[in-house]
$ cat input.tsv   # TSV, N, CA and C atoms
chain	number	residue	atom	x	y	z
V	360	MET	N	25.32	-10.00	-10.04
V	360	MET	CA	24.70	-11.31	-9.98
V	360	MET	C	24.54	-11.76	-8.53
V	361	ILE	N	25.56	-11.59	-7.71
V	361	ILE	CA	25.50	-11.99	-6.31
V	361	ILE	C	24.43	-11.17	-5.58
V	362	LYS	N	24.37	-9.86	-5.84
V	362	LYS	CA	23.37	-9.01	-5.18
V	362	LYS	C	21.97	-9.47	-5.54
V	363	ARG	N	21.76	-9.79	-6.81
V	363	ARG	CA	20.44	-10.27	-7.25
V	363	ARG	C	20.09	-11.58	-6.55
V	364	LEU	N	21.05	-12.48	-6.45
V	364	LEU	CA	20.82	-13.76	-5.80
V	364	LEU	C	20.46	-13.55	-4.33
V	365	ILE	N	21.17	-12.67	-3.66
V	365	ILE	CA	20.89	-12.37	-2.25
V	365	ILE	C	19.48	-11.77	-2.12
V	366	ALA	N	19.12	-10.88	-3.03
V	366	ALA	CA	17.79	-10.27	-2.98
V	366	ALA	C	16.70	-11.32	-3.18
V	367	VAL	N	16.91	-12.24	-4.10
V	367	VAL	CA	15.93	-13.30	-4.35
V	367	VAL	C	15.82	-14.21	-3.13
V	368	ILE	N	16.95	-14.56	-2.54
V	368	ILE	CA	16.94	-15.41	-1.35
V	368	ILE	C	16.23	-14.70	-0.20
V	369	ALA	N	16.50	-13.42	-0.01
V	369	ALA	CA	15.85	-12.65	1.05
V	369	ALA	C	14.35	-12.59	0.81
V	370	ALA	N	13.95	-12.35	-0.43
V	370	ALA	CA	12.52	-12.31	-0.75
V	370	ALA	C	11.87	-13.66	-0.50
V	371	ALA	N	12.57	-14.73	-0.89
V	371	ALA	CA	12.03	-16.07	-0.67
V	371	ALA	C	11.87	-16.35	0.83
V	372	CYS	N	12.81	-15.88	1.63
V	372	CYS	CA	12.71	-16.06	3.07
V	372	CYS	C	11.49	-15.32	3.62
V	373	ILE	N	11.28	-14.12	3.16
V	373	ILE	CA	10.12	-13.35	3.60
V	373	ILE	C	8.85	-14.10	3.23
V	374	LEU	N	8.79	-14.58	1.99
V	374	LEU	CA	7.60	-15.30	1.54
V	374	LEU	C	7.43	-16.61	2.28
V	375	SER	N	8.51	-17.29	2.57
V	375	SER	CA	8.39	-18.60	3.20
V	375	SER	C	7.90	-18.51	4.64
V	376	ILE	N	8.16	-17.39	5.30
V	376	ILE	CA	7.67	-17.26	6.67
V	376	ILE	C	6.38	-16.45	6.74
V	377	GLY	N	5.87	-16.04	5.56
V	377	GLY	CA	4.63	-15.28	5.56
V	377	GLY	C	4.79	-13.92	6.20
V	378	GLY	N	5.90	-13.25	5.95
V	378	GLY	CA	6.19	-11.98	6.60
V	378	GLY	C	5.08	-10.96	6.45
V	379	SER	N	4.81	-10.26	7.50
V	379	SER	CA	3.73	-9.29	7.47
V	379	SER	C	4.15	-8.02	6.74
V	380	GLY	N	5.40	-7.64	6.84
V	380	GLY	CA	5.88	-6.47	6.13
V	380	GLY	C	5.23	-5.18	6.58
V	381	ALA	N	4.79	-5.09	7.80
V	381	ALA	CA	4.10	-3.89	8.26
V	381	ALA	C	4.99	-2.67	8.11
V	382	THR	N	4.41	-1.62	7.58
V	382	THR	CA	5.12	-0.38	7.37
V	382	THR	C	4.46	0.68	8.24
V	383	GLN	N	5.18	1.22	9.18
V	383	GLN	CA	4.63	2.19	10.11
V	383	GLN	C	4.99	3.61	9.69
V	384	MET	N	4.03	4.50	9.80
V	384	MET	CA	4.29	5.92	9.63
V	384	MET	C	4.63	6.48	11.00
V	385	PRO	N	5.50	7.47	11.06
V	385	PRO	CA	5.70	8.13	12.34
V	385	PRO	C	4.36	8.70	12.80
V	386	ARG	N	4.02	8.46	14.04
V	386	ARG	CA	2.71	8.85	14.54
V	386	ARG	C	2.77	10.13	15.35
V	387	ASP	N	1.91	11.04	14.98
V	387	ASP	CA	1.59	12.19	15.80
V	387	ASP	C	0.07	12.17	15.87
V	388	ASP	N	-0.46	11.38	16.80
V	388	ASP	CA	-1.89	11.10	16.83
V	388	ASP	C	-2.74	12.36	16.93
V	389	THR	N	-2.21	13.44	17.50
V	389	THR	CA	-3.01	14.65	17.59
V	389	THR	C	-3.18	15.29	16.21
V	390	ALA	N	-2.21	15.11	15.33
V	390	ALA	CA	-2.28	15.71	14.00
V	390	ALA	C	-2.89	14.76	12.98
V	391	ARG	N	-3.05	13.50	13.32
V	391	ARG	CA	-3.52	12.51	12.36
V	391	ARG	C	-4.96	12.08	12.67
V	392	ASP	N	-5.89	12.99	12.46
V	392	ASP	CA	-7.30	12.66	12.61
V	392	ASP	C	-8.00	13.15	11.36
V	393	TYR	N	-8.49	12.22	10.57
V	393	TYR	CA	-9.12	12.55	9.30
V	393	TYR	C	-10.61	12.22	9.32
V	394	SER	N	-11.19	12.15	10.50
V	394	SER	CA	-12.60	11.79	10.62
V	394	SER	C	-13.53	12.85	10.03
V	395	ASN	N	-13.04	14.08	9.87
V	395	ASN	CA	-13.87	15.15	9.30
V	395	ASN	C	-13.87	15.16	7.77
V	396	ILE	N	-13.08	14.29	7.15
V	396	ILE	CA	-13.04	14.23	5.68
V	396	ILE	C	-13.98	13.10	5.26
V	397	THR	N	-15.24	13.46	5.07
V	397	THR	CA	-16.29	12.46	4.89
V	397	THR	C	-16.89	12.43	3.49
V	398	SER	N	-16.26	13.12	2.55
V	398	SER	CA	-16.75	13.08	1.16
V	398	SER	C	-15.57	13.26	0.21
V	399	ARG	N	-15.80	12.85	-1.03
V	399	ARG	CA	-14.78	13.04	-2.07
V	399	ARG	C	-14.51	14.53	-2.27
V	400	GLU	N	-15.54	15.34	-2.18
V	400	GLU	CA	-15.39	16.79	-2.39
V	400	GLU	C	-14.47	17.40	-1.32
V	401	ILE	N	-14.68	17.02	-0.07
V	401	ILE	CA	-13.82	17.53	1.02
V	401	ILE	C	-12.39	17.03	0.82
V	402	ALA	N	-12.25	15.77	0.44
V	402	ALA	CA	-10.91	15.22	0.20
V	402	ALA	C	-10.21	15.98	-0.92
V	403	GLU	N	-10.93	16.28	-1.99
V	403	GLU	CA	-10.35	17.02	-3.12
V	403	GLU	C	-9.93	18.43	-2.71
V	404	GLN	N	-10.68	19.05	-1.79
V	404	GLN	CA	-10.28	20.36	-1.27
V	404	GLN	C	-8.94	20.26	-0.55
V	405	HIS	N	-8.77	19.19	0.22
V	405	HIS	CA	-7.51	18.99	0.94
V	405	HIS	C	-6.37	18.68	-0.04
V	406	VAL	N	-6.68	18.01	-1.13
V	406	VAL	CA	-5.68	17.78	-2.18
V	406	VAL	C	-5.24	19.12	-2.76
V	407	ALA	N	-6.19	19.98	-3.06
V	407	ALA	CA	-5.88	21.30	-3.63
V	407	ALA	C	-5.02	22.13	-2.69
V	408	GLN	N	-5.16	21.91	-1.38
V	408	GLN	CA	-4.38	22.64	-0.38
V	408	GLN	C	-3.04	21.96	-0.07
V	409	GLY	N	-2.80	20.80	-0.69
V	409	GLY	CA	-1.55	20.07	-0.45
V	409	GLY	C	-1.54	19.29	0.85
V	410	LYS	N	-2.69	19.12	1.48
V	410	LYS	CA	-2.77	18.39	2.75
V	410	LYS	C	-2.98	16.89	2.55
V	411	LEU	N	-3.54	16.51	1.41
V	411	LEU	CA	-3.75	15.11	1.05
V	411	LEU	C	-3.28	14.88	-0.38
V	412	TYR	N	-3.05	13.61	-0.69
V	412	TYR	CA	-2.66	13.22	-2.04
V	412	TYR	C	-3.59	12.11	-2.52
V	413	LYS	N	-3.92	12.17	-3.79
V	413	LYS	CA	-4.77	11.15	-4.39
V	413	LYS	C	-3.87	10.05	-4.94
V	414	ILE	N	-4.15	8.79	-4.56
V	414	ILE	CA	-3.37	7.66	-5.05
V	414	ILE	C	-4.31	6.54	-5.51
V	415	LEU	N	-3.76	5.64	-6.30
V	415	LEU	CA	-4.49	4.44	-6.68
V	415	LEU	C	-4.23	3.36	-5.64
V	416	LEU	N	-5.27	2.71	-5.19
V	416	LEU	CA	-5.11	1.60	-4.24
V	416	LEU	C	-4.40	0.44	-4.93
V	417	PHE	N	-4.98	-0.05	-6.02
V	417	PHE	CA	-4.37	-1.14	-6.79
V	417	PHE	C	-3.47	-0.48	-7.82
V	418	PRO	N	-2.16	-0.73	-7.74
V	418	PRO	CA	-1.18	0.01	-8.55
V	418	PRO	C	-1.42	-0.10	-10.06
V	419	ALA	N	-1.19	1.00	-10.76
V	419	ALA	CA	-1.29	1.03	-12.22
V	419	ALA	C	-0.35	0.01	-12.84
V	420	GLU	N	0.80	-0.23	-12.21
V	420	GLU	CA	1.78	-1.18	-12.72
V	420	GLU	C	1.22	-2.60	-12.78
V	421	PHE	N	0.15	-2.85	-12.06
V	421	PHE	CA	-0.48	-4.17	-12.05
V	421	PHE	C	-1.88	-4.13	-12.67
V	422	GLY	N	-2.17	-3.05	-13.40
V	422	GLY	CA	-3.45	-2.94	-14.10
V	422	GLY	C	-4.49	-2.10	-13.39
V	423	GLY	N	-4.14	-1.48	-12.26
V	423	GLY	CA	-5.10	-0.63	-11.56
V	423	GLY	C	-5.44	0.59	-12.40
V	424	GLU	N	-6.71	0.91	-12.44
V	424	GLU	CA	-7.19	2.03	-13.25
V	424	GLU	C	-7.64	3.19	-12.37
V	425	GLU	N	-7.62	4.38	-12.96
V	425	GLU	CA	-8.06	5.56	-12.24
V	425	GLU	C	-9.59	5.63	-12.30
V	426	ARG	N	-10.21	4.87	-11.41
V	426	ARG	CA	-11.66	4.83	-11.26
V	426	ARG	C	-11.97	5.18	-9.81
V	427	PRO	N	-13.14	5.73	-9.54
V	427	PRO	CA	-13.46	6.14	-8.15
V	427	PRO	C	-13.22	5.05	-7.11
V	428	GLU	N	-13.55	3.81	-7.42
V	428	GLU	CA	-13.39	2.74	-6.43
V	428	GLU	C	-11.93	2.34	-6.21
V	429	ASN	N	-11.02	2.81	-7.07
V	429	ASN	CA	-9.59	2.50	-6.92
V	429	ASN	C	-8.79	3.71	-6.46
V	430	ILE	N	-9.46	4.81	-6.19
V	430	ILE	CA	-8.79	6.04	-5.77
V	430	ILE	C	-9.02	6.24	-4.27
V	431	THR	N	-7.96	6.62	-3.58
V	431	THR	CA	-8.11	7.00	-2.17
V	431	THR	C	-7.25	8.22	-1.91
V	432	TYR	N	-7.43	8.80	-0.74
V	432	TYR	CA	-6.74	10.04	-0.37
V	432	TYR	C	-5.91	9.79	0.88
V	433	VAL	N	-4.65	10.21	0.82
V	433	VAL	CA	-3.72	9.93	1.92
V	433	VAL	C	-2.88	11.17	2.23
V	434	PRO	N	-2.34	11.25	3.46
V	434	PRO	CA	-1.50	12.39	3.84
V	434	PRO	C	-0.10	12.29	3.23
V	435	PRO	N	0.67	13.39	3.33
V	435	PRO	CA	2.03	13.38	2.82
V	435	PRO	C	2.85	12.24	3.41
V	436	GLY	N	3.75	11.69	2.63
V	436	GLY	CA	4.61	10.61	3.06
V	436	GLY	C	4.08	9.24	2.66
V	437	ILE	N	2.77	9.10	2.60
V	437	ILE	CA	2.17	7.80	2.27
V	437	ILE	C	2.39	7.44	0.79
V	438	PRO	N	2.25	8.38	-0.15
V	438	PRO	CA	2.49	7.98	-1.55
V	438	PRO	C	3.89	7.40	-1.77
V	439	GLU	N	4.88	7.94	-1.08
V	439	GLU	CA	6.24	7.43	-1.22
V	439	GLU	C	6.37	6.01	-0.65
V	440	ILE	N	5.73	5.76	0.47
V	440	ILE	CA	5.76	4.42	1.06
V	440	ILE	C	5.08	3.43	0.12
V	441	LYS	N	3.93	3.83	-0.42
V	441	LYS	CA	3.21	2.95	-1.34
V	441	LYS	C	4.06	2.69	-2.59
V	442	ASP	N	4.73	3.71	-3.11
V	442	ASP	CA	5.61	3.53	-4.27
V	442	ASP	C	6.74	2.54	-3.98
V	443	GLN	N	7.33	2.62	-2.79
V	443	GLN	CA	8.39	1.68	-2.41
V	443	GLN	C	7.86	0.26	-2.36
V	444	LEU	N	6.68	0.08	-1.78
V	444	LEU	CA	6.08	-1.26	-1.73
V	444	LEU	C	5.74	-1.76	-3.12
V	445	THR	N	5.24	-0.88	-3.97
V	445	THR	CA	4.94	-1.28	-5.35
V	445	THR	C	6.21	-1.72	-6.06
V	446	GLY	N	7.31	-1.02	-5.84
V	446	GLY	CA	8.60	-1.43	-6.43
V	446	GLY	C	9.01	-2.81	-5.96
V	447	THR	N	8.81	-3.09	-4.68
V	447	THR	CA	9.12	-4.42	-4.14
V	447	THR	C	8.23	-5.47	-4.78
V	448	LEU	N	6.94	-5.18	-4.92
V	448	LEU	CA	6.01	-6.12	-5.54
V	448	LEU	C	6.37	-6.38	-7.00
V	449	ILE	N	6.82	-5.36	-7.70
V	449	ILE	CA	7.25	-5.53	-9.09
V	449	ILE	C	8.45	-6.47	-9.15
V	450	ARG	N	9.41	-6.28	-8.26
V	450	ARG	CA	10.58	-7.17	-8.23
V	450	ARG	C	10.17	-8.60	-7.90
V	451	PHE	N	9.29	-8.76	-6.92
V	451	PHE	CA	8.83	-10.11	-6.56
V	451	PHE	C	8.12	-10.78	-7.74
V	452	THR	N	7.35	-9.99	-8.49
V	452	THR	CA	6.66	-10.54	-9.67
V	452	THR	C	7.68	-10.96	-10.73
V	453	ARG	N	8.64	-10.08	-11.01
V	453	ARG	CA	9.69	-10.41	-12.00
V	453	ARG	C	10.47	-11.65	-11.60
V	454	ASP	N	10.67	-11.84	-10.30
V	454	ASP	CA	11.44	-12.99	-9.82
V	454	ASP	C	10.57	-14.24	-9.66
V	455	GLY	N	9.30	-14.13	-10.02
V	455	GLY	CA	8.41	-15.29	-9.96
V	455	GLY	C	7.97	-15.67	-8.56
V	456	LEU	N	8.08	-14.74	-7.62
V	456	LEU	CA	7.73	-15.04	-6.23
V	456	LEU	C	6.26	-14.79	-5.92
V	457	ILE	N	5.63	-13.91	-6.68
V	457	ILE	CA	4.20	-13.64	-6.49
V	457	ILE	C	3.52	-13.58	-7.86
V	458	ASP	N	2.23	-13.92	-7.88
V	458	ASP	CA	1.46	-13.78	-9.11
V	458	ASP	C	0.02	-13.33	-8.83
V	459	ASN	N	-0.23	-12.93	-7.58
V	459	ASN	CA	-1.56	-12.47	-7.21
V	459	ASN	C	-1.42	-11.34	-6.19
V	460	LEU	N	-2.22	-10.29	-6.37
V	460	LEU	CA	-2.19	-9.16	-5.46
V	460	LEU	C	-3.61	-8.71	-5.15
V	461	ARG	N	-3.87	-8.52	-3.86
V	461	ARG	CA	-5.14	-7.96	-3.40
V	461	ARG	C	-4.81	-6.78	-2.49
V	462	VAL	N	-5.52	-5.68	-2.65
V	462	VAL	CA	-5.30	-4.48	-1.83
V	462	VAL	C	-6.62	-4.12	-1.16
V	463	GLU	N	-6.57	-3.95	0.17
V	463	GLU	CA	-7.78	-3.64	0.93
V	463	GLU	C	-7.53	-2.44	1.85
V	464	PRO	N	-8.24	-1.35	1.60
V	464	PRO	CA	-8.17	-0.22	2.54
V	464	PRO	C	-9.08	-0.49	3.73
V	465	GLU	N	-8.72	0.04	4.88
V	465	GLU	CA	-9.57	-0.02	6.07
V	465	GLU	C	-9.84	1.42	6.49
V	466	TYR	N	-11.09	1.72	6.72
V	466	TYR	CA	-11.49	3.08	7.06
V	466	TYR	C	-12.00	3.15	8.49
V	467	LYS	N	-11.92	4.35	9.08
V	467	LYS	CA	-12.52	4.63	10.38
V	467	LYS	C	-13.76	5.47	10.14
V	468	GLY	N	-14.88	4.99	10.62
V	468	GLY	CA	-16.12	5.75	10.47
V	468	GLY	C	-16.42	6.05	9.02
V	469	ASN	N	-16.78	7.30	8.73
V	469	ASN	CA	-17.15	7.71	7.37
V	469	ASN	C	-16.02	8.43	6.65
V	470	SER	N	-14.82	8.38	7.19
V	470	SER	CA	-13.70	9.10	6.60
V	470	SER	C	-13.35	8.56	5.22
V	471	PHE	N	-12.97	9.45	4.31
V	471	PHE	CA	-12.49	9.08	2.98
V	471	PHE	C	-10.99	8.79	3.00
V	472	VAL	N	-10.34	9.02	4.14
V	472	VAL	CA	-8.91	8.73	4.29
V	472	VAL	C	-8.79	7.39	5.01
V	473	PRO	N	-8.16	6.40	4.37
V	473	PRO	CA	-8.07	5.10	5.05
V	473	PRO	C	-7.19	5.17	6.29
V	474	ALA	N	-7.54	4.36	7.28
V	474	ALA	CA	-6.73	4.24	8.48
V	474	ALA	C	-5.48	3.43	8.19
V	475	ARG	N	-5.63	2.47	7.28
V	475	ARG	CA	-4.50	1.64	6.85
V	475	ARG	C	-4.82	1.05	5.49
V	476	ILE	N	-3.78	0.64	4.80
V	476	ILE	CA	-3.92	-0.07	3.52
V	476	ILE	C	-3.19	-1.39	3.66
V	477	ARG	N	-3.91	-2.47	3.46
V	477	ARG	CA	-3.34	-3.82	3.54
V	477	ARG	C	-3.16	-4.38	2.14
V	478	MET	N	-2.00	-5.01	1.93
V	478	MET	CA	-1.72	-5.67	0.65
V	478	MET	C	-1.49	-7.15	0.92
V	479	PHE	N	-2.01	-7.97	0.05
V	479	PHE	CA	-1.87	-9.42	0.16
V	479	PHE	C	-1.30	-9.93	-1.15
V	480	ALA	N	-0.03	-10.33	-1.14
V	480	ALA	CA	0.64	-10.82	-2.35
V	480	ALA	C	0.96	-12.29	-2.15
V	481	THR	N	0.54	-13.12	-3.09
V	481	THR	CA	0.75	-14.55	-3.00
V	481	THR	C	1.14	-15.12	-4.36
V	482	HIS	N	1.46	-16.38	-4.37
V	482	HIS	CA	1.72	-17.12	-5.61
V	482	HIS	C	0.87	-18.38	-5.57
V	483	LYS	N	0.22	-18.68	-6.69
V	483	LYS	CA	-0.73	-19.80	-6.68
V	483	LYS	C	-0.08	-21.16	-6.48
V	484	THR	N	1.22	-21.28	-6.76
V	484	THR	CA	1.88	-22.59	-6.59
V	484	THR	C	2.99	-22.59	-5.55
V	485	LYS	N	3.24	-21.46	-4.92
V	485	LYS	CA	4.32	-21.38	-3.93
V	485	LYS	C	3.73	-21.03	-2.56
V	486	LYS	N	4.35	-21.58	-1.53
V	486	LYS	CA	3.91	-21.28	-0.17
V	486	LYS	C	4.39	-19.90	0.24
V	487	GLY	N	3.71	-19.36	1.23
V	487	GLY	CA	4.12	-18.08	1.79
V	487	GLY	C	3.36	-16.93	1.16
V	488	SER	N	3.56	-15.76	1.73
V	488	SER	CA	2.91	-14.55	1.23
V	488	SER	C	3.70	-13.34	1.70
V	489	PHE	N	3.40	-12.22	1.08
V	489	PHE	CA	3.98	-10.94	1.47
V	489	PHE	C	2.79	-10.03	1.73
V	490	ASN	N	2.63	-9.59	2.97
V	490	ASN	CA	1.43	-8.87	3.37
V	490	ASN	C	1.75	-7.54	4.07
V	491	PRO	N	2.27	-6.58	3.34
V	491	PRO	CA	2.59	-5.30	3.98
V	491	PRO	C	1.33	-4.53	4.35
V	492	VAL	N	1.46	-3.73	5.41
V	492	VAL	CA	0.38	-2.88	5.88
V	492	VAL	C	0.93	-1.47	6.01
V	493	ILE	N	0.26	-0.51	5.40
V	493	ILE	CA	0.64	0.89	5.56
V	493	ILE	C	-0.30	1.50	6.60
V	494	GLU	N	0.23	1.81	7.76
V	494	GLU	CA	-0.54	2.45	8.83
V	494	GLU	C	-0.60	3.94	8.55
V	495	ILE	N	-1.79	4.51	8.52
V	495	ILE	CA	-1.94	5.92	8.17
V	495	ILE	C	-2.38	6.77	9.36
V	496	TRP	N	-3.47	6.36	10.04
V	496	TRP	CA	-3.93	7.13	11.20
V	496	TRP	C	-4.72	6.31	12.15

$ encode --input "input.tsv" --output "structure tokens"
Amino acid sequence: MIKRLIAVIAAACILSIGGSGATQMPRDDTARDYSNITSREIAEQHVAQGKLYKILLFPAEFGGEERPENITYVPPGIPEIKDQLTGTLIRFTRDGLIDNLRVEPEYKGNSFVPARIRMFATHKTKKGSFNPVIEIW
């Protein structure tokens, strides 16, 4: 009970200050250039080789469907980060801290691999927000 109360208070503090929640990937900029992946077909080839993973932008846990506009391709390590953030969002929803979620990928050039994924979680009657960013490349 005490742990749950502390978690709720911590979440409320994050929401009350509008925490950005930025999530950084370890950067090796020489290895993280996906500008040559300019089509779904090329991205799928990289998935088959284990170099990329297909994920849903808007989580299935919140009603996201496996449709082309909700699918993106990311390098190893990113699906786990997104899963952790989704778990946090589920807890915030259960605790009544958020009731709205928007997910926006940002791309560089024509790449099918997003440079970052931004999430915007809010509550229609409560102040504050939770806005994590997954930096990819």

$ residues_around --input "input.tsv" --residues "Arg426 in chain V" --least-positions-apart "6" --cutoff "12 Å" --atoms "only C-alpha atoms" --output "VMD selection string"
chain V and resid 413 to 419

$ closest_residue --input "input.tsv" --among "V:Ile493, V:Ile401, V:Ile449, V:Ile457" --to "Glu420 in chain V" --atoms "only N, CA and C atoms"
V:Ile449

$ atom_distance --input "input.tsv" --atom1 "CA of Glu465 in chain V" --atom2 "atom C of Phe451 in chain V"
24.9 Å

$ atom_distance --input "input.tsv" --atom1 "CA of Pro438 in chain V" --atom2 "CA of Leu411 in chain V"
9.8 Å

$ atom_distance --input "input.tsv" --atom1 "atom C of Gly455 in chain V" --atom2 "atom N of His482 in chain V"
7.8 Å

$ residues_around --input "input.tsv" --residues "Arg475 in chain V" --least-positions-apart "5" --cutoff "7 Å" --atoms "all atoms listed in the file" --output "list in words"
Glu463, Pro464, Glu465, Tyr466, Lys467, Val492, Ile493, Glu494, Ile495 and Trp496 of chain V

$ closest_residue --input "input.tsv" --among "V:Glu400, V:Gly422, V:Asn429, V:Phe479" --to "Leu460 in chain V" --atoms "only N, CA and C atoms"
V:Phe479

$ closest_atom_pairs --input "input.tsv" --of "range 412-433 of chain V" --to "range 471-474 of chain V" --cutoff "7 Å" --atoms "only N, CA and C atoms" --output "JSON lines"
{"residue": "V:Thr431", "atom": "CA", "partner": "V:Phe471", "partner_atom": "C", "distance": 6.2}
{"residue": "V:Tyr432", "atom": "C", "partner": "V:Val472", "partner_atom": "CA", "distance": 4.7}
{"residue": "V:Val433", "atom": "N", "partner": "V:Val472", "partner_atom": "CA", "distance": 5.7}

$ write_last_selection --input "input.tsv" --atoms "N, CA and C atoms" --output "PDB file, in the frame of the given file"
ATOM      1  N   THR V 431      -7.960   6.620  -3.580  1.00  0.00           N
ATOM      2  CA  THR V 431      -8.110   7.000  -2.170  1.00  0.00           C
ATOM      3  C   THR V 431      -7.250   8.220  -1.910  1.00  0.00           C
ATOM      4  N   TYR V 432      -7.430   8.800  -0.740  1.00  0.00           N
ATOM      5  CA  TYR V 432      -6.740  10.040  -0.370  1.00  0.00           C
ATOM      6  C   TYR V 432      -5.910   9.790   0.880  1.00  0.00           C
ATOM      7  N   VAL V 433      -4.650  10.210   0.820  1.00  0.00           N
ATOM      8  CA  VAL V 433      -3.720   9.930   1.920  1.00  0.00           C
ATOM      9  C   VAL V 433      -2.880  11.170   2.230  1.00  0.00           C
TER      10      VAL V 433
END

$ closest_residue --input "input.tsv" --among "V:Gln404, V:Ser470, V:Arg461, V:Pro435" --to "Asn490 in chain V" --atoms "only C-alpha atoms"
V:Arg461

$ decode --input "input.tsv" --residues "range 400-419 of chain V" --atoms "N, CA and C atoms" --output "PDB file, in the first residue's frame"
ATOM      1  N   GLU V 400       9.217  -1.745 -47.987  1.00  0.00           N
ATOM      2  CA  GLU V 400       9.868  -2.972 -48.461  1.00  0.00           C
ATOM      3  C   GLU V 400      11.305  -3.073 -47.927  1.00  0.00           C
ATOM      4  N   ILE V 401      12.044  -1.974 -47.996  1.00  0.00           N
ATOM      5  CA  ILE V 401      13.419  -1.974 -47.466  1.00  0.00           C
ATOM      6  C   ILE V 401      13.393  -2.190 -45.957  1.00  0.00           C
ATOM      7  N   ALA V 402      12.457  -1.542 -45.277  1.00  0.00           N
ATOM      8  CA  ALA V 402      12.346  -1.715 -43.824  1.00  0.00           C
ATOM      9  C   ALA V 402      12.049  -3.175 -43.484  1.00  0.00           C
ATOM     10  N   GLU V 403      11.155  -3.800 -44.229  1.00  0.00           N
ATOM     11  CA  GLU V 403      10.812  -5.214 -43.983  1.00  0.00           C
ATOM     12  C   GLU V 403      12.014  -6.130 -44.219  1.00  0.00           C
ATOM     13  N   GLN V 404      12.864  -5.788 -45.185  1.00  0.00           N
ATOM     14  CA  GLN V 404      14.091  -6.565 -45.407  1.00  0.00           C
ATOM     15  C   GLN V 404      14.986  -6.492 -44.173  1.00  0.00           C
ATOM     16  N   HIS V 405      15.080  -5.301 -43.583  1.00  0.00           N
ATOM     17  CA  HIS V 405      15.900  -5.128 -42.381  1.00  0.00           C
ATOM     18  C   HIS V 405      15.269  -5.862 -41.191  1.00  0.00           C
ATOM     19  N   VAL V 406      13.951  -5.928 -41.151  1.00  0.00           N
ATOM     20  CA  VAL V 406      13.273  -6.712 -40.109  1.00  0.00           C
ATOM     21  C   VAL V 406      13.643  -8.186 -40.264  1.00  0.00           C
ATOM     22  N   ALA V 407      13.601  -8.685 -41.489  1.00  0.00           N
ATOM     23  CA  ALA V 407      13.936 -10.092 -41.753  1.00  0.00           C
ATOM     24  C   ALA V 407      15.372 -10.415 -41.354  1.00  0.00           C
ATOM     25  N   GLN V 408      16.259  -9.413 -41.433  1.00  0.00           N
ATOM     26  CA  GLN V 408      17.668  -9.600 -41.062  1.00  0.00           C
ATOM     27  C   GLN V 408      17.920  -9.351 -39.573  1.00  0.00           C
ATOM     28  N   GLY V 409      16.873  -8.958 -38.840  1.00  0.00           N
ATOM     29  CA  GLY V 409      17.024  -8.684 -37.413  1.00  0.00           C
ATOM     30  C   GLY V 409      17.651  -7.336 -37.104  1.00  0.00           C
ATOM     31  N   LYS V 410      17.742  -6.456 -38.095  1.00  0.00           N
ATOM     32  CA  LYS V 410      18.343  -5.136 -37.892  1.00  0.00           C
ATOM     33  C   LYS V 410      17.327  -4.094 -37.443  1.00  0.00           C
ATOM     34  N   LEU V 411      16.054  -4.320 -37.750  1.00  0.00           N
ATOM     35  CA  LEU V 411      14.966  -3.448 -37.332  1.00  0.00           C
ATOM     36  C   LEU V 411      13.832  -4.290 -36.764  1.00  0.00           C
ATOM     37  N   TYR V 412      12.968  -3.625 -36.007  1.00  0.00           N
ATOM     38  CA  TYR V 412      11.790  -4.277 -35.442  1.00  0.00           C
ATOM     39  C   TYR V 412      10.559  -3.460 -35.797  1.00  0.00           C
ATOM     40  N   LYS V 413       9.483  -4.153 -36.077  1.00  0.00           N
ATOM     41  CA  LYS V 413       8.219  -3.497 -36.396  1.00  0.00           C
ATOM     42  C   LYS V 413       7.448  -3.318 -35.094  1.00  0.00           C
ATOM     43  N   ILE V 414       7.003  -2.077 -34.827  1.00  0.00           N
ATOM     44  CA  ILE V 414       6.222  -1.800 -33.623  1.00  0.00           C
ATOM     45  C   ILE V 414       5.002  -0.953 -33.982  1.00  0.00           C
ATOM     46  N   LEU V 415       4.039  -0.951 -33.078  1.00  0.00           N
ATOM     47  CA  LEU V 415       2.889  -0.065 -33.205  1.00  0.00           C
ATOM     48  C   LEU V 415       3.223   1.263 -32.546  1.00  0.00           C
ATOM     49  N   LEU V 416       2.944   2.350 -33.228  1.00  0.00           N
ATOM     50  CA  LEU V 416       3.155   3.674 -32.634  1.00  0.00           C
ATOM     51  C   LEU V 416       2.182   3.885 -31.482  1.00  0.00           C
ATOM     52  N   PHE V 417       0.885   3.772 -31.762  1.00  0.00           N
ATOM     53  CA  PHE V 417      -0.138   3.905 -30.721  1.00  0.00           C
ATOM     54  C   PHE V 417      -0.351   2.512 -30.154  1.00  0.00           C
ATOM     55  N   PRO V 418      -0.064   2.315 -28.863  1.00  0.00           N
ATOM     56  CA  PRO V 418      -0.044   0.975 -28.275  1.00  0.00           C
ATOM     57  C   PRO V 418      -1.374   0.223 -28.390  1.00  0.00           C
ATOM     58  N   ALA V 419      -1.275  -1.076 -28.631  1.00  0.00           N
ATOM     59  CA  ALA V 419      -2.455  -1.944 -28.696  1.00  0.00           C
ATOM     60  C   ALA V 419      -3.235  -1.878 -27.386  1.00  0.00           C
TER      61      ALA V 419
END
